[in-house]
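Participant: I am sharing final_23.tsv, which consists of TSV, N, CA and C atoms:
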```tsv
chain	number	residue	atom	x	y	z
A	1	MET	N	-24.28	-48.72	20.30
A	1	MET	CA	-25.29	-47.72	19.98
A	1	MET	C	-24.92	-46.37	20.59
A	2	ALA	N	-24.47	-46.40	21.85
A	2	ALA	CA	-24.12	-45.15	22.52
A	2	ALA	C	-22.91	-44.50	21.89
A	3	ALA	N	-22.01	-45.32	21.32
A	3	ALA	CA	-20.81	-44.78	20.68
A	3	ALA	C	-21.17	-43.98	19.43
A	4	LYS	N	-22.27	-44.32	18.80
A	4	LYS	CA	-22.69	-43.58	17.60
A	4	LYS	C	-23.46	-42.32	17.96
A	5	ILE	N	-24.11	-42.30	19.09
A	5	ILE	CA	-24.92	-41.16	19.49
A	5	ILE	C	-24.07	-40.07	20.14
A	6	LEU	N	-23.00	-40.47	20.83
A	6	LEU	CA	-22.17	-39.50	21.56
A	6	LEU	C	-21.60	-38.39	20.67
A	7	PRO	N	-21.04	-38.69	19.48
A	7	PRO	CA	-20.56	-37.58	18.63
A	7	PRO	C	-21.67	-36.63	18.19
A	8	VAL	N	-22.86	-37.17	17.98
A	8	VAL	CA	-23.98	-36.32	17.58
A	8	VAL	C	-24.38	-35.40	18.73
A	9	VAL	N	-24.38	-35.93	19.94
A	9	VAL	CA	-24.72	-35.12	21.12
A	9	VAL	C	-23.66	-34.05	21.34
A	10	LYS	N	-22.38	-34.41	21.18
A	10	LYS	CA	-21.30	-33.42	21.33
A	10	LYS	C	-21.43	-32.31	20.31
A	11	LEU	N	-21.71	-32.67	19.05
A	11	LEU	CA	-21.87	-31.67	18.01
A	11	LEU	C	-23.08	-30.78	18.28
A	12	ALA	N	-24.18	-31.37	18.71
A	12	ALA	CA	-25.38	-30.58	19.01
A	12	ALA	C	-25.12	-29.62	20.16
A	13	THR	N	-24.37	-30.06	21.16
A	13	THR	CA	-24.03	-29.18	22.28
A	13	THR	C	-23.18	-28.01	21.83
A	14	LYS	N	-22.18	-28.29	21.01
A	14	LYS	CA	-21.30	-27.22	20.52
A	14	LYS	C	-22.06	-26.22	19.65
A	15	VAL	N	-22.92	-26.72	18.78
A	15	VAL	CA	-23.71	-25.84	17.91
A	15	VAL	C	-24.67	-25.00	18.74
A	16	THR	N	-25.26	-25.59	19.77
A	16	THR	CA	-26.18	-24.84	20.63
A	16	THR	C	-25.46	-23.74	21.38
A	17	ILE	N	-24.28	-24.04	21.91
A	17	ILE	CA	-23.51	-23.01	22.64
A	17	ILE	C	-23.08	-21.89	21.70
A	18	ALA	N	-22.58	-22.26	20.52
A	18	ALA	CA	-22.16	-21.23	19.55
A	18	ALA	C	-23.34	-20.39	19.09
A	19	GLY	N	-24.46	-21.04	18.83
A	19	GLY	CA	-25.65	-20.29	18.41
A	19	GLY	C	-26.16	-19.38	19.51
A	20	GLY	N	-26.12	-19.84	20.75
A	20	GLY	CA	-26.54	-19.00	21.87
A	20	GLY	C	-25.64	-17.79	22.04
A	21	ALA	N	-24.32	-18.01	21.90
A	21	ALA	CA	-23.38	-16.89	22.00
A	21	ALA	C	-23.61	-15.88	20.89
A	22	LEU	N	-23.85	-16.37	19.69
A	22	LEU	CA	-24.12	-15.47	18.57
A	22	LEU	C	-25.42	-14.70	18.78
A	23	TYR	N	-26.43	-15.38	19.29
A	23	TYR	CA	-27.70	-14.71	19.55
A	23	TYR	C	-27.54	-13.61	20.60
A	24	VAL	N	-26.83	-13.92	21.68
A	24	VAL	CA	-26.63	-12.92	22.73
A	24	VAL	C	-25.83	-11.73	22.20
A	25	ALA	N	-24.79	-12.00	21.40
A	25	ALA	CA	-23.99	-10.91	20.83
A	25	ALA	C	-24.84	-10.04	19.91
A	26	TYR	N	-25.67	-10.65	19.08
A	26	TYR	CA	-26.52	-9.89	18.16
A	26	TYR	C	-27.60	-9.14	18.92
A	27	ASP	N	-28.21	-9.79	19.91
A	27	ASP	CA	-29.30	-9.18	20.66
A	27	ASP	C	-28.81	-7.99	21.50
A	28	SER	N	-27.57	-8.06	21.99
A	28	SER	CA	-27.06	-6.97	22.81
A	28	SER	C	-26.51	-5.82	21.97
A	29	GLY	N	-26.40	-5.98	20.66
A	29	GLY	CA	-25.96	-4.90	19.79
A	29	GLY	C	-24.49	-4.92	19.48
A	30	LEU	N	-23.77	-5.99	19.83
A	30	LEU	CA	-22.34	-6.04	19.56
A	30	LEU	C	-22.02	-6.18	18.08
A	31	LEU	N	-22.94	-6.70	17.31
A	31	LEU	CA	-22.71	-6.89	15.88
A	31	LEU	C	-23.31	-5.77	15.04
A	32	GLY	N	-23.76	-4.71	15.68
A	32	GLY	CA	-24.37	-3.60	14.97
A	32	GLY	C	-23.36	-2.50	14.67
A	33	SER	N	-23.84	-1.29	14.64
A	33	SER	CA	-22.99	-0.14	14.33
A	33	SER	C	-22.12	0.22	15.53
A	34	GLY	N	-21.30	1.23	15.35
A	34	GLY	CA	-20.43	1.67	16.43
A	34	GLY	C	-21.20	2.22	17.61
A	35	GLU	N	-22.30	2.91	17.33
A	35	GLU	CA	-23.11	3.46	18.42
A	35	GLU	C	-23.75	2.34	19.24
A	36	GLN	N	-24.23	1.31	18.55
A	36	GLN	CA	-24.82	0.19	19.27
A	36	GLN	C	-23.77	-0.54	20.10
A	37	GLY	N	-22.57	-0.69	19.56
A	37	GLY	CA	-21.49	-1.32	20.31
A	37	GLY	C	-21.10	-0.50	21.52
A	38	SER	N	-21.10	0.82	21.38
A	38	SER	CA	-20.79	1.69	22.50
A	38	SER	C	-21.85	1.58	23.60
A	39	GLU	N	-23.12	1.50	23.18
A	39	GLU	CA	-24.19	1.33	24.17
A	39	GLU	C	-24.07	-0.01	24.89
A	40	ALA	N	-23.73	-1.07	24.14
A	40	ALA	CA	-23.57	-2.40	24.76
A	40	ALA	C	-22.40	-2.40	25.73
A	41	LEU	N	-21.33	-1.70	25.38
A	41	LEU	CA	-20.18	-1.60	26.29
A	41	LEU	C	-20.55	-0.85	27.56
A	42	GLY	N	-21.34	0.21	27.42
A	42	GLY	CA	-21.80	0.95	28.59
A	42	GLY	C	-22.67	0.10	29.49
A	43	LYS	N	-23.55	-0.71	28.89
A	43	LYS	CA	-24.39	-1.61	29.68
A	43	LYS	C	-23.53	-2.64	30.41
A	44	ALA	N	-22.52	-3.16	29.73
A	44	ALA	CA	-21.64	-4.16	30.35
A	44	ALA	C	-20.84	-3.54	31.49
A	45	LYS	N	-20.36	-2.29	31.30
A	45	LYS	CA	-19.62	-1.62	32.37
A	45	LYS	C	-20.50	-1.39	33.59
A	46	ALA	N	-21.79	-1.18	33.37
A	46	ALA	CA	-22.70	-0.95	34.49
A	46	ALA	C	-23.10	-2.26	35.17
A	47	ALA	N	-23.16	-3.35	34.43
A	47	ALA	CA	-23.67	-4.61	34.98
A	47	ALA	C	-22.59	-5.51	35.57
A	48	ILE	N	-21.39	-5.48	35.04
A	48	ILE	CA	-20.37	-6.44	35.46
A	48	ILE	C	-19.84	-6.18	36.87
A	49	PRO	N	-19.48	-4.96	37.26
A	49	PRO	CA	-18.94	-4.78	38.61
A	49	PRO	C	-19.88	-5.23	39.74
A	50	PRO	N	-21.18	-4.93	39.71
A	50	PRO	CA	-22.03	-5.45	40.78
A	50	PRO	C	-22.10	-6.98	40.80
A	51	ALA	N	-22.08	-7.59	39.64
A	51	ALA	CA	-22.12	-9.05	39.58
A	51	ALA	C	-20.84	-9.65	40.16
A	52	ILE	N	-19.71	-9.04	39.85
A	52	ILE	CA	-18.44	-9.53	40.40
A	52	ILE	C	-18.41	-9.37	41.91
A	53	GLU	N	-18.89	-8.24	42.41
A	53	GLU	CA	-18.93	-8.04	43.86
A	53	GLU	C	-19.81	-9.07	44.54
A	54	GLU	N	-20.94	-9.38	43.91
A	54	GLU	CA	-21.84	-10.38	44.49
A	54	GLU	C	-21.17	-11.76	44.55
A	55	TRP	N	-20.49	-12.13	43.49
A	55	TRP	CA	-19.80	-13.42	43.48
A	55	TRP	C	-18.63	-13.43	44.45
A	56	MET	N	-17.94	-12.30	44.61
A	56	MET	CA	-16.84	-12.24	45.58
A	56	MET	C	-17.36	-12.45	46.98
A	57	LYS	N	-18.50	-11.85	47.31
A	57	LYS	CA	-19.09	-12.05	48.63
A	57	LYS	C	-19.54	-13.50	48.80
A	58	TYR	N	-20.08	-14.08	47.75
A	58	TYR	CA	-20.58	-15.45	47.82
A	58	TYR	C	-19.44	-16.45	48.06
A	59	PHE	N	-18.33	-16.29	47.34
A	59	PHE	CA	-17.21	-17.20	47.46
A	59	PHE	C	-16.18	-16.75	48.49
A	60	GLY	N	-16.29	-15.54	49.02
A	60	GLY	CA	-15.35	-15.04	50.00
A	60	GLY	C	-13.99	-14.71	49.42
A	61	LEU	N	-13.96	-14.23	48.19
A	61	LEU	CA	-12.71	-13.89	47.52
A	61	LEU	C	-12.48	-12.38	47.56
A	62	GLN	N	-11.22	-12.00	47.41
A	62	GLN	CA	-10.86	-10.59	47.33
A	62	GLN	C	-10.07	-10.39	46.05
A	63	LEU	N	-10.59	-9.61	45.13
A	63	LEU	CA	-9.92	-9.33	43.87
A	63	LEU	C	-9.35	-7.92	43.88
A	64	PRO	N	-8.30	-7.68	43.10
A	64	PRO	CA	-7.78	-6.30	43.00
A	64	PRO	C	-8.79	-5.42	42.28
A	65	THR	N	-8.64	-4.11	42.43
A	65	THR	CA	-9.57	-3.19	41.80
A	65	THR	C	-9.41	-3.24	40.29
A	66	MET	N	-10.51	-2.98	39.61
A	66	MET	CA	-10.51	-3.00	38.15
A	66	MET	C	-9.85	-1.72	37.62
A	67	PRO	N	-8.97	-1.85	36.62
A	67	PRO	CA	-8.38	-0.65	36.04
A	67	PRO	C	-9.40	0.09	35.18
A	68	LYS	N	-9.25	1.38	35.07
A	68	LYS	CA	-10.13	2.19	34.23
A	68	LYS	C	-9.61	2.13	32.80
A	69	ILE	N	-10.48	1.73	31.90
A	69	ILE	CA	-10.11	1.63	30.49
A	69	ILE	C	-10.95	2.63	29.71
A	70	GLU	N	-10.30	3.54	29.05
A	70	GLU	CA	-10.98	4.52	28.22
A	70	GLU	C	-10.93	4.03	26.78
A	71	PHE	N	-12.02	3.45	26.33
A	71	PHE	CA	-12.09	2.89	24.98
A	71	PHE	C	-13.43	3.25	24.37
A	72	SER	N	-13.37	3.82	23.21
A	72	SER	CA	-14.60	4.18	22.51
A	72	SER	C	-14.69	3.38	21.21
A	73	PRO	N	-15.64	2.43	21.13
A	73	PRO	CA	-15.77	1.66	19.89
A	73	PRO	C	-16.12	2.53	18.69
A	74	VAL	N	-16.79	3.65	18.92
A	74	VAL	CA	-17.17	4.52	17.82
A	74	VAL	C	-15.91	5.10	17.16
A	75	GLN	N	-14.91	5.42	17.97
A	75	GLN	CA	-13.68	6.01	17.44
A	75	GLN	C	-12.86	4.99	16.63
A	76	SER	N	-12.89	3.74	17.05
A	76	SER	CA	-12.04	2.75	16.40
A	76	SER	C	-12.79	1.78	15.51
A	77	TRP	N	-14.05	2.06	15.23
A	77	TRP	CA	-14.85	1.15	14.43
A	77	TRP	C	-14.28	1.05	13.03
A	78	ASN	N	-13.97	-0.15	12.61
A	78	ASN	CA	-13.43	-0.45	11.28
A	78	ASN	C	-12.15	0.31	10.97
A	79	SER	N	-11.34	0.61	11.97
A	79	SER	CA	-10.09	1.33	11.72
A	79	SER	C	-9.14	0.48	10.89
A	80	GLY	N	-9.17	-0.83	11.06
A	80	GLY	CA	-8.34	-1.71	10.25
A	80	GLY	C	-8.74	-1.69	8.79
A	81	VAL	N	-10.03	-1.64	8.54
A	81	VAL	CA	-10.52	-1.58	7.16
A	81	VAL	C	-10.11	-0.25	6.53
A	82	ARG	N	-10.25	0.83	7.28
A	82	ARG	CA	-9.86	2.15	6.75
A	82	ARG	C	-8.37	2.18	6.43
A	83	TRP	N	-7.53	1.62	7.34
A	83	TRP	CA	-6.09	1.61	7.12
A	83	TRP	C	-5.75	0.79	5.87
A	84	THR	N	-6.40	-0.37	5.70
A	84	THR	CA	-6.13	-1.23	4.55
A	84	THR	C	-6.50	-0.54	3.25
A	85	ILE	N	-7.68	0.07	3.20
A	85	ILE	CA	-8.11	0.75	1.98
A	85	ILE	C	-7.19	1.94	1.68
A	86	SER	N	-6.80	2.65	2.72
A	86	SER	CA	-5.89	3.78	2.52
A	86	SER	C	-4.55	3.30	1.97
A	87	SER	N	-4.04	2.21	2.51
A	87	SER	CA	-2.77	1.67	2.02
A	87	SER	C	-2.88	1.19	0.59
A	88	LEU	N	-4.00	0.54	0.28
A	88	LEU	CA	-4.19	0.09	-1.10
A	88	LEU	C	-4.32	1.25	-2.08
A	89	SER	N	-4.94	2.34	-1.66
A	89	SER	CA	-5.08	3.48	-2.55
A	89	SER	C	-3.74	4.20	-2.76
A	90	GLU	N	-2.84	4.11	-1.78
A	90	GLU	CA	-1.52	4.74	-1.90
A	90	GLU	C	-0.49	3.82	-2.54
A	91	ALA	N	-0.82	2.55	-2.74
A	91	ALA	CA	0.14	1.56	-3.23
A	91	ALA	C	0.74	1.91	-4.59
A	92	PRO	N	-0.03	2.33	-5.59
A	92	PRO	CA	0.60	2.66	-6.88
A	92	PRO	C	1.60	3.81	-6.77
A	93	THR	N	1.27	4.83	-6.01
A	93	THR	CA	2.18	5.96	-5.84
A	93	THR	C	3.44	5.52	-5.12
A	94	LYS	N	3.28	4.75	-4.05
A	94	LYS	CA	4.45	4.27	-3.30
A	94	LYS	C	5.31	3.36	-4.17
A	95	ALA	N	4.68	2.48	-4.95
A	95	ALA	CA	5.45	1.59	-5.83
A	95	ALA	C	6.25	2.40	-6.84
A	96	SER	N	5.64	3.42	-7.39
A	96	SER	CA	6.34	4.28	-8.35
A	96	SER	C	7.51	5.00	-7.68
A	97	ASP	N	7.29	5.53	-6.49
A	97	ASP	CA	8.36	6.22	-5.76
A	97	ASP	C	9.52	5.27	-5.45
A	98	TYR	N	9.19	4.06	-4.96
A	98	TYR	CA	10.24	3.11	-4.60
A	98	TYR	C	10.99	2.63	-5.84
A	99	THR	N	10.28	2.49	-6.96
A	99	THR	CA	10.93	2.08	-8.21
A	99	THR	C	11.91	3.14	-8.67
A	100	SER	N	11.49	4.40	-8.64
A	100	SER	CA	12.40	5.47	-9.07
A	100	SER	C	13.59	5.58	-8.12
A	101	GLN	N	13.37	5.39	-6.82
A	101	GLN	CA	14.49	5.42	-5.87
A	101	GLN	C	15.46	4.27	-6.13
A	102	GLY	N	14.91	3.09	-6.43
A	102	GLY	CA	15.76	1.94	-6.73
A	102	GLY	C	16.56	2.14	-8.00
A	103	LEU	N	15.92	2.68	-9.03
A	103	LEU	CA	16.64	2.95	-10.27
A	103	LEU	C	17.73	3.99	-10.06
A	104	GLN	N	17.45	5.01	-9.28
A	104	GLN	CA	18.45	6.04	-9.00
A	104	GLN	C	19.62	5.44	-8.23
A	105	TYR	N	19.34	4.54	-7.28
A	105	TYR	CA	20.37	3.88	-6.51
A	105	TYR	C	21.27	3.03	-7.41
A	106	ILE	N	20.64	2.29	-8.36
A	106	ILE	CA	21.42	1.47	-9.28
A	106	ILE	C	22.25	2.33	-10.22
A	107	LYS	N	21.70	3.46	-10.68
A	107	LYS	CA	22.46	4.37	-11.53
A	107	LYS	C	23.65	4.95	-10.77
A	108	ASP	N	23.46	5.27	-9.51
A	108	ASP	CA	24.56	5.80	-8.70
A	108	ASP	C	25.64	4.75	-8.48
A	109	LEU	N	25.26	3.49	-8.35
A	109	LEU	CA	26.25	2.43	-8.17
A	109	LEU	C	27.06	2.17	-9.42
A	110	THR	N	26.44	2.33	-10.58
A	110	THR	CA	27.14	2.04	-11.83
A	110	THR	C	28.02	3.17	-12.32
A	111	LYS	N	27.98	4.32	-11.68
A	111	LYS	CA	28.80	5.46	-12.13
A	111	LYS	C	30.23	5.25	-11.75
```
Could you render the structure as structure tokens?

Facilitator:
Amino acid sequence: MAAKILPVVKLATKVTIAGGALYVAYDSGLLGSGEQGSEALGKAKAAIPPAIEEWMKYFGLQLPTMPKIEFSPVQSWNSGVRWTISSLSEAPTKASDYTSQGLQYIKDLTK
């Protein structure tokens, strides 16, 4: 009986953890616009260092200093999508240019 229940419990645990992570990400604004993501990053930058210091004191650990990272989600929001659409819009022109260059190269070889 326990052998049949264990997979169900494992699946329920995994679904609960994934759902909780998704809820926290949505609630904090990580899945919203660039401005919301920037605000969430600012909140995380303000909250994480004090928490790390508290845990370091609790466990008696010494960690190296955190590097300064200058990253703006608003600047890079959907940059991959923009690059892809730009490349797709330029594809016919590039294909035509490369075809004419290839034909010219073949004509030069056959002379």

Participant: How far is it from CA of Ala12 in chain A to CA of Gly32 in chain A, in Å with one decimal?

Facilitator: 27.3 Å

Participant: Just the number, please: distance in Å from CA of Glu35 in chain A to atom N of Ser86 in chain A, one decimal.

Facilitator: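 If I compute the distance from CA of Glu35 in chain A to atom N of Ser86 in chain A, I get 22.7 Å.
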
Participant: From the set A:Gly60, A:Leu6, A:Ser89, A:Leu41, which residue has the shortest atom-to-atom contact distance to Ser28 in chain A, counting all atoms listed in the file?

Facilitator: A:Leu41

Participant: Identify which of the residues A:Phe59, A:Ala25, A:Trp83, A:Ala91 lies closest to Ala44 in chain A, counting only C-alpha atoms when measuring atom-to-atom distances.

Facilitator: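 The shortest atom-to-atom distance to Ala44 in chain A comes from A:Ala25.
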
Participant: Mind pulling up the distance from atom C of Thr93 in chain A to atom C of Gly80 in chain A?

Facilitator: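 Distance reported for this atom pair: 19.8 Å.
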
Participant: List every residue of range 20-72 of chain A that DSSP, applied to the backbone of this structure, assigns to helix (DSSP H, G or I), and report them as a VMD selection string.

Facilitator: chain A and resid 20 to 28 34 to 59

Participant: Which polymer residues have any atom within 10 Å of an atom of range 62-64 of chain A, counting only C-alpha atoms, with same-chain residues fewer than 6 positions away left out, as a ChimeraX atom specification?

Facilitator: /A:52-53,56

Participant: Can you report as AutoDock Vina command-line options the centre and edge lengths in Å, to one decimal, of an axis-aligned box around the listed atoms of range 82-94 of chain A padded with 3 Å on each side?

Facilitator:
```
--center_x -2.5 --center_y 2.4 --center_z 0.2 --size_x 21.6 --size_y 13.2 --size_z 20.2
```

Participant: Could you rebuild range 96-107 of chain A with all heavy atoms and give me the result as a JSON list (two decimals), in the coordinates of the input?

Facilitator:
```json
[["chain", "number", "residue", "atom", "x", "y", "z"],
["A", 96, "SER", "N", 5.64, 3.42, -7.39],
["A", 96, "SER", "CA", 6.34, 4.28, -8.35],
["A", 96, "SER", "C", 7.51, 5.00, -7.68],
["A", 96, "SER", "O", 8.61, 5.06, -8.24],
["A", 96, "SER", "CB", 5.36, 5.29, -8.94],
["A", 96, "SER", "OG", 6.03, 6.19, -9.77],
["A", 97, "ASP", "N", 7.29, 5.53, -6.49],
["A", 97, "ASP", "CA", 8.36, 6.22, -5.76],
["A", 97, "ASP", "C", 9.52, 5.27, -5.45],
["A", 97, "ASP", "O", 10.69, 5.61, -5.63],
["A", 97, "ASP", "CB", 7.83, 6.82, -4.46],
["A", 97, "ASP", "CG", 6.87, 7.96, -4.69],
["A", 97, "ASP", "OD1", 6.85, 8.51, -5.82],
["A", 97, "ASP", "OD2", 6.14, 8.31, -3.74],
["A", 98, "TYR", "N", 9.19, 4.06, -4.96],
["A", 98, "TYR", "CA", 10.24, 3.11, -4.60],
["A", 98, "TYR", "C", 10.99, 2.63, -5.84],
["A", 98, "TYR", "O", 12.20, 2.40, -5.80],
["A", 98, "TYR", "CB", 9.66, 1.93, -3.83],
["A", 98, "TYR", "CG", 9.15, 2.28, -2.46],
["A", 98, "TYR", "CD1", 8.08, 1.62, -1.91],
["A", 98, "TYR", "CD2", 9.76, 3.28, -1.70],
["A", 98, "TYR", "CE1", 7.60, 1.94, -0.64],
["A", 98, "TYR", "CE2", 9.29, 3.62, -0.44],
["A", 98, "TYR", "CZ", 8.22, 2.94, 0.08],
["A", 98, "TYR", "OH", 7.75, 3.26, 1.32],
["A", 99, "THR", "N", 10.28, 2.49, -6.96],
["A", 99, "THR", "CA", 10.93, 2.08, -8.21],
["A", 99, "THR", "C", 11.91, 3.14, -8.67],
["A", 99, "THR", "O", 13.05, 2.83, -9.05],
["A", 99, "THR", "CB", 9.89, 1.81, -9.30],
["A", 99, "THR", "OG1", 8.98, 0.82, -8.83],
["A", 99, "THR", "CG2", 10.53, 1.35, -10.59],
["A", 100, "SER", "N", 11.49, 4.40, -8.64],
["A", 100, "SER", "CA", 12.40, 5.47, -9.07],
["A", 100, "SER", "C", 13.59, 5.58, -8.12],
["A", 100, "SER", "O", 14.71, 5.83, -8.56],
["A", 100, "SER", "CB", 11.65, 6.79, -9.17],
["A", 100, "SER", "OG", 11.18, 7.19, -7.92],
["A", 101, "GLN", "N", 13.37, 5.39, -6.82],
["A", 101, "GLN", "CA", 14.49, 5.42, -5.87],
["A", 101, "GLN", "C", 15.46, 4.27, -6.13],
["A", 101, "GLN", "O", 16.68, 4.44, -6.07],
["A", 101, "GLN", "CB", 13.98, 5.35, -4.43],
["A", 101, "GLN", "CG", 13.28, 6.59, -3.95],
["A", 101, "GLN", "CD", 12.71, 6.41, -2.54],
["A", 101, "GLN", "OE1", 12.86, 5.37, -1.92],
["A", 101, "GLN", "NE2", 12.04, 7.45, -2.07],
["A", 102, "GLY", "N", 14.91, 3.09, -6.43],
["A", 102, "GLY", "CA", 15.76, 1.94, -6.73],
["A", 102, "GLY", "C", 16.56, 2.14, -8.00],
["A", 102, "GLY", "O", 17.75, 1.81, -8.06],
["A", 103, "LEU", "N", 15.92, 2.68, -9.03],
["A", 103, "LEU", "CA", 16.64, 2.95, -10.27],
["A", 103, "LEU", "C", 17.73, 3.99, -10.06],
["A", 103, "LEU", "O", 18.84, 3.87, -10.60],
["A", 103, "LEU", "CB", 15.66, 3.42, -11.36],
["A", 103, "LEU", "CG", 14.74, 2.35, -11.94],
["A", 103, "LEU", "CD1", 13.72, 2.98, -12.88],
["A", 103, "LEU", "CD2", 15.56, 1.29, -12.65],
["A", 104, "GLN", "N", 17.45, 5.01, -9.28],
["A", 104, "GLN", "CA", 18.45, 6.04, -9.00],
["A", 104, "GLN", "C", 19.62, 5.44, -8.23],
["A", 104, "GLN", "O", 20.77, 5.76, -8.50],
["A", 104, "GLN", "CB", 17.82, 7.19, -8.21],
["A", 104, "GLN", "CG", 18.75, 8.36, -8.00],
["A", 104, "GLN", "CD", 19.18, 9.01, -9.30],
["A", 104, "GLN", "OE1", 18.39, 9.13, -10.24],
["A", 104, "GLN", "NE2", 20.43, 9.39, -9.38],
["A", 105, "TYR", "N", 19.34, 4.54, -7.28],
["A", 105, "TYR", "CA", 20.37, 3.88, -6.51],
["A", 105, "TYR", "C", 21.27, 3.03, -7.41],
["A", 105, "TYR", "O", 22.50, 3.06, -7.30],
["A", 105, "TYR", "CB", 19.74, 3.01, -5.42],
["A", 105, "TYR", "CG", 20.73, 2.25, -4.58],
["A", 105, "TYR", "CD1", 21.51, 2.90, -3.63],
["A", 105, "TYR", "CD2", 20.88, 0.88, -4.75],
["A", 105, "TYR", "CE1", 22.43, 2.19, -2.87],
["A", 105, "TYR", "CE2", 21.80, 0.17, -3.99],
["A", 105, "TYR", "CZ", 22.57, 0.83, -3.06],
["A", 105, "TYR", "OH", 23.47, 0.13, -2.30],
["A", 106, "ILE", "N", 20.64, 2.29, -8.36],
["A", 106, "ILE", "CA", 21.42, 1.47, -9.28],
["A", 106, "ILE", "C", 22.25, 2.33, -10.22],
["A", 106, "ILE", "O", 23.42, 2.01, -10.50],
["A", 106, "ILE", "CB", 20.48, 0.52, -10.07],
["A", 106, "ILE", "CG1", 19.90, -0.53, -9.12],
["A", 106, "ILE", "CG2", 21.21, -0.13, -11.23],
["A", 106, "ILE", "CD1", 18.86, -1.41, -9.73],
["A", 107, "LYS", "N", 21.70, 3.46, -10.68],
["A", 107, "LYS", "CA", 22.46, 4.37, -11.53],
["A", 107, "LYS", "C", 23.65, 4.95, -10.77],
["A", 107, "LYS", "O", 24.75, 5.09, -11.33],
["A", 107, "LYS", "CB", 21.56, 5.51, -12.02],
["A", 107, "LYS", "CG", 20.58, 5.09, -13.09],
["A", 107, "LYS", "CD", 19.73, 6.27, -13.52],
["A", 107, "LYS", "CE", 18.67, 5.86, -14.51],
["A", 107, "LYS", "NZ", 17.79, 6.98, -14.88]]
```
